[in-house]
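Report on one structure; see the data block that follows.
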Amino acid sequence: FERGTNERHNGLIRRFIPKGKSINDYADEDISFIEEWMNSLPRKILGYNTPEELFEDELDAIYAS
């Protein structure tokens, strides 16, 4: 079940970085943009929450203890 998620994420990255193109050809700002875009994208597997939202919720739970 995890392979599909992994392949989906690879496909999302390929929107910005075509297969066969070196990631070294991209500026740090470009990579940061892709990272931010992916982390703010709602995911069905996460109950239509974003990874960013769930990460913040976890941090809140940790610091509330």
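Every chain in the structure tokens has a letter given in the order shown (A, B, ...), and although residue numbers restart at 1 in each chain, ligands are simply numbered from 1 in the order shown.
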
Could you please write out, as an MDAnalysis selection string, every residue of chain A that DSSP assigns to alpha helix (DSSP H)? chainID A and resid 2:14 28:39 51:64

Print the selection's residues with C-alpha atoms to a file, as a CSV table (one decimal), in the first residue's frame.
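Output contents, as saved in again22.csv:
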chain,number,residue,atom,x,y,z
A,2,GLU,CA,3.0,2.4,0.5
A,3,ARG,CA,4.3,2.0,-3.0
A,4,GLY,CA,1.3,3.8,-4.5
A,5,THR,CA,1.9,6.8,-2.2
A,6,ASN,CA,5.6,6.8,-3.0
A,7,GLU,CA,4.9,6.8,-6.7
A,8,ARG,CA,2.3,9.5,-6.4
A,9,HIS,CA,4.8,11.7,-4.6
A,10,ASN,CA,7.4,11.0,-7.3
A,11,GLY,CA,4.9,12.1,-9.9
A,12,LEU,CA,4.3,15.3,-8.0
A,13,ILE,CA,8.0,16.1,-7.9
A,14,ARG,CA,8.2,15.3,-11.7
A,28,ASP,CA,18.0,26.0,-3.4
A,29,GLU,CA,15.0,28.4,-3.7
A,30,ASP,CA,13.5,26.2,-6.4
A,31,ILE,CA,13.8,23.1,-4.2
A,32,SER,CA,12.3,25.0,-1.2
A,33,PHE,CA,9.3,26.1,-3.4
A,34,ILE,CA,8.7,22.5,-4.4
A,35,GLU,CA,9.0,21.3,-0.8
A,36,GLU,CA,6.6,24.0,0.5
A,37,TRP,CA,4.1,23.3,-2.3
A,38,MET,CA,4.1,19.5,-1.6
A,39,ASN,CA,3.8,20.0,2.2
A,51,PRO,CA,1.3,17.2,5.9
A,52,GLU,CA,2.1,20.7,7.3
A,53,GLU,CA,-1.1,20.8,9.3
A,54,LEU,CA,-0.6,17.3,10.8
A,55,PHE,CA,3.0,18.1,11.6
A,56,GLU,CA,2.0,21.3,13.5
A,57,ASP,CA,-0.7,19.3,15.3
A,58,GLU,CA,1.9,16.8,16.5
A,59,LEU,CA,4.2,19.5,17.6
A,60,ASP,CA,1.4,21.1,19.6
A,61,ALA,CA,0.6,17.8,21.2
A,62,ILE,CA,4.3,17.3,22.2
A,63,TYR,CA,4.7,20.7,23.6
A,64,ALA,CA,1.3,20.6,25.5

Atom CA of A:Ser65 to atom CA of A:Arg43, straight-line distance in Å: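 Atom-to-atom, atom CA of A:Arg43 to atom CA of A:Ser65, that is 27.6 Å.
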
Find the distance between atom CA of A:Ser40 and atom CA of A:Lys19 and write it in Å to one decimal.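 Atom CA of A:Lys19 lies at a distance of 22.9 Å from atom CA of A:Ser40.
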